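*Asks:* What follows is a single structure, and I will ask about it in a moment.
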Amino acid sequence: MFSGIQPTGDFHLGNLLGAVDNWVPLQDTHDAYYCVVDLHAATVPWDPAALRREVLSMTALLIACGLDPERSILFVQSHVPYHSELCWILTCIARMGELRRMVQFKEKSKGESESVGVGLLTYPALQAADVLLYRAHGVPIGEDQRQHIELMRTLAGRFNQTFGPAFVVPEPWIREEGARIRALDNPDEKMSKSTPRPASKILLTDSPTIIAKKIRSAVTDSGREVRAAGDKPAITNLLTIFSLVTKTPIPELEERYEGTGYAAFKVALADAVVDALAPIQKRYEELVSDRGEIERTLADGASRAEAEAGATMADVRAKTGLGPPA
Ligand code: TYM
């Protein structure tokens with residue numbers, strides 16, 4: 001299996017509960033590849049030194065969350081150049097209409113589709129290359145990435161049909177709870193790295209005071225009942241977060257906070273989130289101070305990933321007539 005995360009912006013509770021929490025147990029049951037996707041971060045303007053820092057700090061956070069480089073392959077996308085090579089081939093077999101239809105492209109290029117970088121459009125071809133290089137069967141992700149995986153499946157199928165079977169057609173693995181954590185200040189939106197409003201998201205590195213403040217000011221629904229329901233998106237979101245960080249079923253939480261009102265519920269939720277993040281933050285602080293160790297881990301991850309990706313690329317080159325003749 002394969003999954004990836006962008007190093008830029010803020011690692012938030014949505015990334016943790018929708019994706020990374022699911023990645024941890026998969027290390028024991030699957031050949032697991034986890035990739036810090038710095039080439040994807042280059043689809044919007046970037047600062048080179050900041051990007052390098054963010055790659056290291058994202059790696060430290062992932063390890064702090066439970067990714068273990070001994071049990072999985074943890075690496076940086078640009079350290080394995082095959083990603084770019086396969087991306088080009090997939091870009092050439094993707095159709096303009098398929099890429100333009102992507103919701104993420106539409107959102108990010110809002111009204112400026114003539115002036116945004118072309119990388120924003122071809123982004124899903126790079127994402128397809130990421131997964132297909134490792135012949136992964138499953139891609140554990142949040143709901144927002146579903147459309148990209150569907151396109152990946154189309155591209156894999158088209159390649160296999162045109163040139164002969166080189167790729168596994170991967171499945172999205174999306175768990176029901178936590179697949180779409182919503183913004184705290186607007187439950188109509190997802191919690192997102194690219195949203196500039198700090199009150200919309202809880203970062204993994206937020207202090208207990210900040211976490212309490214953000215949860216206290218989170219939007220709630222009309223009424224005072226602590227109950228998950230279709231017409232209560234805000235409180236349902238908070239209950240989902242509570243349930244996932246404490247591993248307590250939602251009905252049990254509804255019973256516990258029945259009649260208490262939103263204020264007391266929010267205090268308890270803030271405590272629960274602080275408790276869940278404390279060990280991650282402690283480990284992160286220890287790891288991030290040893291830059292050399294993180295770099296060694298990533299170099300090892302890249303060389304293991306490169307061996308696998310190289311085998312797929314040799315097959316792709318042979319099938320497409322590209323690369324030096326064998
Ligand atoms: P990224 O970096 O935006 O997000 C990383 C993971 O977090 C999930 N996620 C969420 N889950 C639940 N609720 C939310 N509010 C929420 N926000 C984000 C995402 O679904 C994702 O699983 N294009 C990808 C990175 C990528 C990738 C790949 C993923 C590049 N190549 C190959 C899988 C396979 C992205 O930008 O994720």
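Chain lettering (A, B, ...) mirrors the order of the structure tokens, residue numbering begins at 1 for each chain separately, and ligand numbering begins at 1 in order of display.
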Taking only C-alpha atoms and all ligand atoms and a cut-off of 8 Å, can you tell me which residues surround ligand 1, written as a PyMOL selection string?
*Replies:* chain A and resi 2-8+12-20+35-37+40+123-124+126-128+130-131+139-146+148-149+178-183+190-193
*Asks:* Can you list every residue in region 142-300 of chain A that DSSP puts in alpha helix (DSSP H), as a VMD selection string?
*Replies:* chain A and resid 146 to 163 208 to 216 233 to 246 250 to 256 261 to 288 291 to 300
*Asks:* Show me, as a PyMOL selection string, the residues that have an atom within 12 Å of Ser109 (chain A) when counting only C-alpha atoms, minus same-chain residues fewer than 4 positions from it.
*Replies:* chain A and resi 43-44+100-105+113-121
*Asks:* Please dump the current selection as a short mmCIF file (atom, residue, chain, number, x, y, z; two decimals), in the first residue's frame; keep N, CA and C atoms.
*Replies:*
```
data_model
loop_
_atom_site.label_atom_id
_atom_site.label_comp_id
_atom_site.auth_asym_id
_atom_site.auth_seq_id
_atom_site.Cartn_x
_atom_site.Cartn_y
_atom_site.Cartn_z
N THR A 43 3.60 22.81 -6.62
CA THR A 43 2.55 23.25 -7.55
C THR A 43 2.07 24.67 -7.22
N VAL A 44 2.50 25.18 -6.07
CA VAL A 44 2.25 26.60 -5.76
C VAL A 44 3.62 27.21 -5.42
N ARG A 100 -9.12 18.76 -15.94
CA ARG A 100 -9.89 19.99 -15.66
C ARG A 100 -11.07 19.73 -14.75
N ARG A 101 -11.59 18.49 -14.78
CA ARG A 101 -12.76 18.13 -13.96
C ARG A 101 -12.44 18.01 -12.46
N MET A 102 -11.17 17.89 -12.12
CA MET A 102 -10.82 17.64 -10.72
C MET A 102 -11.26 18.80 -9.82
N VAL A 103 -11.99 18.44 -8.76
CA VAL A 103 -12.53 19.47 -7.86
C VAL A 103 -11.39 20.30 -7.28
N GLN A 104 -10.29 19.63 -6.91
CA GLN A 104 -9.18 20.37 -6.29
C GLN A 104 -8.61 21.41 -7.26
N PHE A 105 -8.51 21.04 -8.55
CA PHE A 105 -8.01 22.00 -9.53
C PHE A 105 -8.98 23.18 -9.63
N SER A 113 -7.85 30.33 -14.08
CA SER A 113 -7.29 29.12 -14.70
C SER A 113 -6.28 29.44 -15.79
N GLU A 114 -6.23 30.66 -16.26
CA GLU A 114 -5.23 31.01 -17.29
C GLU A 114 -3.88 31.34 -16.67
N SER A 115 -3.87 31.76 -15.41
CA SER A 115 -2.59 32.23 -14.85
C SER A 115 -2.00 31.31 -13.77
N VAL A 116 -2.75 30.28 -13.33
CA VAL A 116 -2.15 29.40 -12.31
C VAL A 116 -1.10 28.50 -12.97
N GLY A 117 -0.19 27.97 -12.15
CA GLY A 117 0.85 27.08 -12.67
C GLY A 117 0.23 25.81 -13.25
N VAL A 118 0.85 25.29 -14.31
CA VAL A 118 0.32 24.09 -14.98
C VAL A 118 0.39 22.87 -14.05
N GLY A 119 1.34 22.92 -13.10
CA GLY A 119 1.47 21.82 -12.15
C GLY A 119 0.18 21.55 -11.37
N LEU A 120 -0.62 22.59 -11.15
CA LEU A 120 -1.88 22.39 -10.42
C LEU A 120 -2.83 21.52 -11.24
N LEU A 121 -2.74 21.64 -12.56
CA LEU A 121 -3.59 20.85 -13.44
C LEU A 121 -3.08 19.40 -13.52
#
```
*Asks:* From the list A:Ala129, A:Gly138, A:Val80, A:Arg317, which residue is nearest Leu26 (chain A) when using only C-alpha atoms?
*Replies:*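 Closest candidate: A:Gly138.
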*Asks:* Running DSSP on the backbone, which parts of region 57-197 of chain A land in strand (DSSP E), as a list of chain:residue names?
*Replies:*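 Assigned to strand (DSSP E), within region 57-197 of chain A: A:Ile73, A:Leu74, A:Phe75, A:Val76, A:Gly138, A:Val139, A:Pro140, A:Glu171, A:Pro172, A:Trp173, A:Arg182, A:Ala183, A:Asn186, A:Pro187, A:Asp188, A:Glu189, A:Lys190.
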*Asks:* For the selection just defined, write its residues with N, CA and C atoms to a file, as a short mmCIF file (atom, residue, chain, number, x, y, z; two decimals), in the first residue's frame.
*Replies:*
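Contents of selection08.cif, freshly written:
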```cif
data_model
loop_
_atom_site.label_atom_id
_atom_site.label_comp_id
_atom_site.auth_asym_id
_atom_site.auth_seq_id
_atom_site.Cartn_x
_atom_site.Cartn_y
_atom_site.Cartn_z
N ILE A 73 8.38 1.98 4.68
CA ILE A 73 9.37 2.72 3.91
C ILE A 73 8.92 4.18 3.87
N LEU A 74 9.68 5.00 4.56
CA LEU A 74 9.33 6.42 4.70
C LEU A 74 10.35 7.22 3.90
N PHE A 75 9.88 8.00 2.92
CA PHE A 75 10.83 8.68 2.04
C PHE A 75 10.23 9.95 1.46
N VAL A 76 11.08 10.71 0.77
CA VAL A 76 10.66 11.98 0.17
C VAL A 76 10.55 11.78 -1.35
N GLY A 138 -3.62 -0.73 -2.31
CA GLY A 138 -4.52 0.13 -1.53
C GLY A 138 -3.89 1.49 -1.25
N VAL A 139 -4.75 2.50 -1.17
CA VAL A 139 -4.29 3.87 -0.89
C VAL A 139 -5.15 4.44 0.25
N PRO A 140 -4.64 4.38 1.49
CA PRO A 140 -5.43 4.92 2.60
C PRO A 140 -5.40 6.45 2.62
N GLU A 171 -6.99 0.54 -5.17
CA GLU A 171 -8.28 0.88 -4.56
C GLU A 171 -8.08 2.00 -3.53
N PRO A 172 -9.06 2.92 -3.42
CA PRO A 172 -8.99 3.87 -2.30
C PRO A 172 -9.41 3.15 -1.02
N TRP A 173 -8.67 3.38 0.04
CA TRP A 173 -9.09 2.85 1.34
C TRP A 173 -9.48 4.06 2.19
N ARG A 182 -14.28 18.37 9.51
CA ARG A 182 -14.68 19.69 9.00
C ARG A 182 -13.95 20.82 9.72
N ALA A 183 -13.96 21.98 9.07
CA ALA A 183 -13.35 23.18 9.67
C ALA A 183 -14.12 23.54 10.94
N ASN A 186 -16.34 26.57 10.31
CA ASN A 186 -17.33 26.49 9.24
C ASN A 186 -17.53 25.03 8.82
N PRO A 187 -18.54 24.38 9.38
CA PRO A 187 -18.70 22.95 9.12
C PRO A 187 -19.07 22.60 7.68
N ASP A 188 -19.29 23.62 6.84
CA ASP A 188 -19.54 23.33 5.42
C ASP A 188 -18.25 23.05 4.67
N GLU A 189 -17.12 23.39 5.29
CA GLU A 189 -15.83 23.18 4.62
C GLU A 189 -15.06 22.09 5.33
N LYS A 190 -14.10 21.46 4.61
CA LYS A 190 -13.22 20.50 5.28
C LYS A 190 -12.11 21.26 6.02
#
```
*Asks:* What does the structure give for the distance between CA of Ser194 (chain A) and CA of Lys232 (chain A), in Å to one decimal?
*Replies:*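 These two atoms are separated by 24.9 Å.
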*Asks:* Using only C-alpha atoms, which residues sit within 12 Å of Asp28 (chain A) once same-chain residues fewer than 5 positions away are excluded, as a PyMOL selection string?
*Replies:* chain A and resi 1+22-23+66-72
*Asks:* Go through A:Thr312, A:Gln77, A:Gln161, A:Ser243 and flag the residue nearest Leu298 (chain A), using only C-alpha atoms for the distances.
*Replies:*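 Counting only C-alpha atoms, the residue closest to Leu298 (chain A) is A:Gln77.
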*Asks:* Any idea what's packed within 12 Å of Ala326 (chain A), counting only C-alpha atoms, ignoring anything in its chain fewer than 5 positions away? Could you give it as a list in words?
*Replies:* Ala314, Asp315, Arg317, Ala318, Lys319 and Gly321 of chain A
*Asks:* How about saving the chosen residues, C-alpha atoms kept, as a PDB file, in the first residue's frame?
*Replies:*
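Dumped to again-v1.pdb:
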```
ATOM      1  CA  ALA A 314      12.292  -0.742 -16.263  1.00  0.00           C
ATOM      2  CA  ASP A 315       9.088  -2.522 -17.260  1.00  0.00           C
ATOM      3  CA  ARG A 317      10.360   1.853 -20.350  1.00  0.00           C
ATOM      4  CA  ALA A 318      10.477  -1.505 -22.111  1.00  0.00           C
ATOM      5  CA  LYS A 319       6.758  -1.375 -22.838  1.00  0.00           C
ATOM      6  CA  GLY A 321       9.945   2.202 -26.098  1.00  0.00           C
TER       7      GLY A 321
END
```
*Asks:* Ranking A:Ala199, A:Leu51, A:Asp38, A:Leu204 by minimum distance to Arg283 (chain A) and counting only C-alpha atoms, which one comes first?
*Replies:*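 Once distances to Arg283 (chain A) are computed over only C-alpha atoms, the minimum belongs to A:Leu204.
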*Asks:* Grab the CA of Gly230 (chain A) to CA of Asp185 (chain A) distance for me, in Å with one decimal place.
*Replies:*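 So the two atoms, CA of Gly230 (chain A) and CA of Asp185 (chain A), lie 17.7 Å apart.
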*Asks:* Please indicate the distance in Å from CA of Ile63 (chain A) to CA of Asn237 (chain A), rounded to one decimal place.
*Replies:*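 Distance reported for this atom pair: 26.4 Å.
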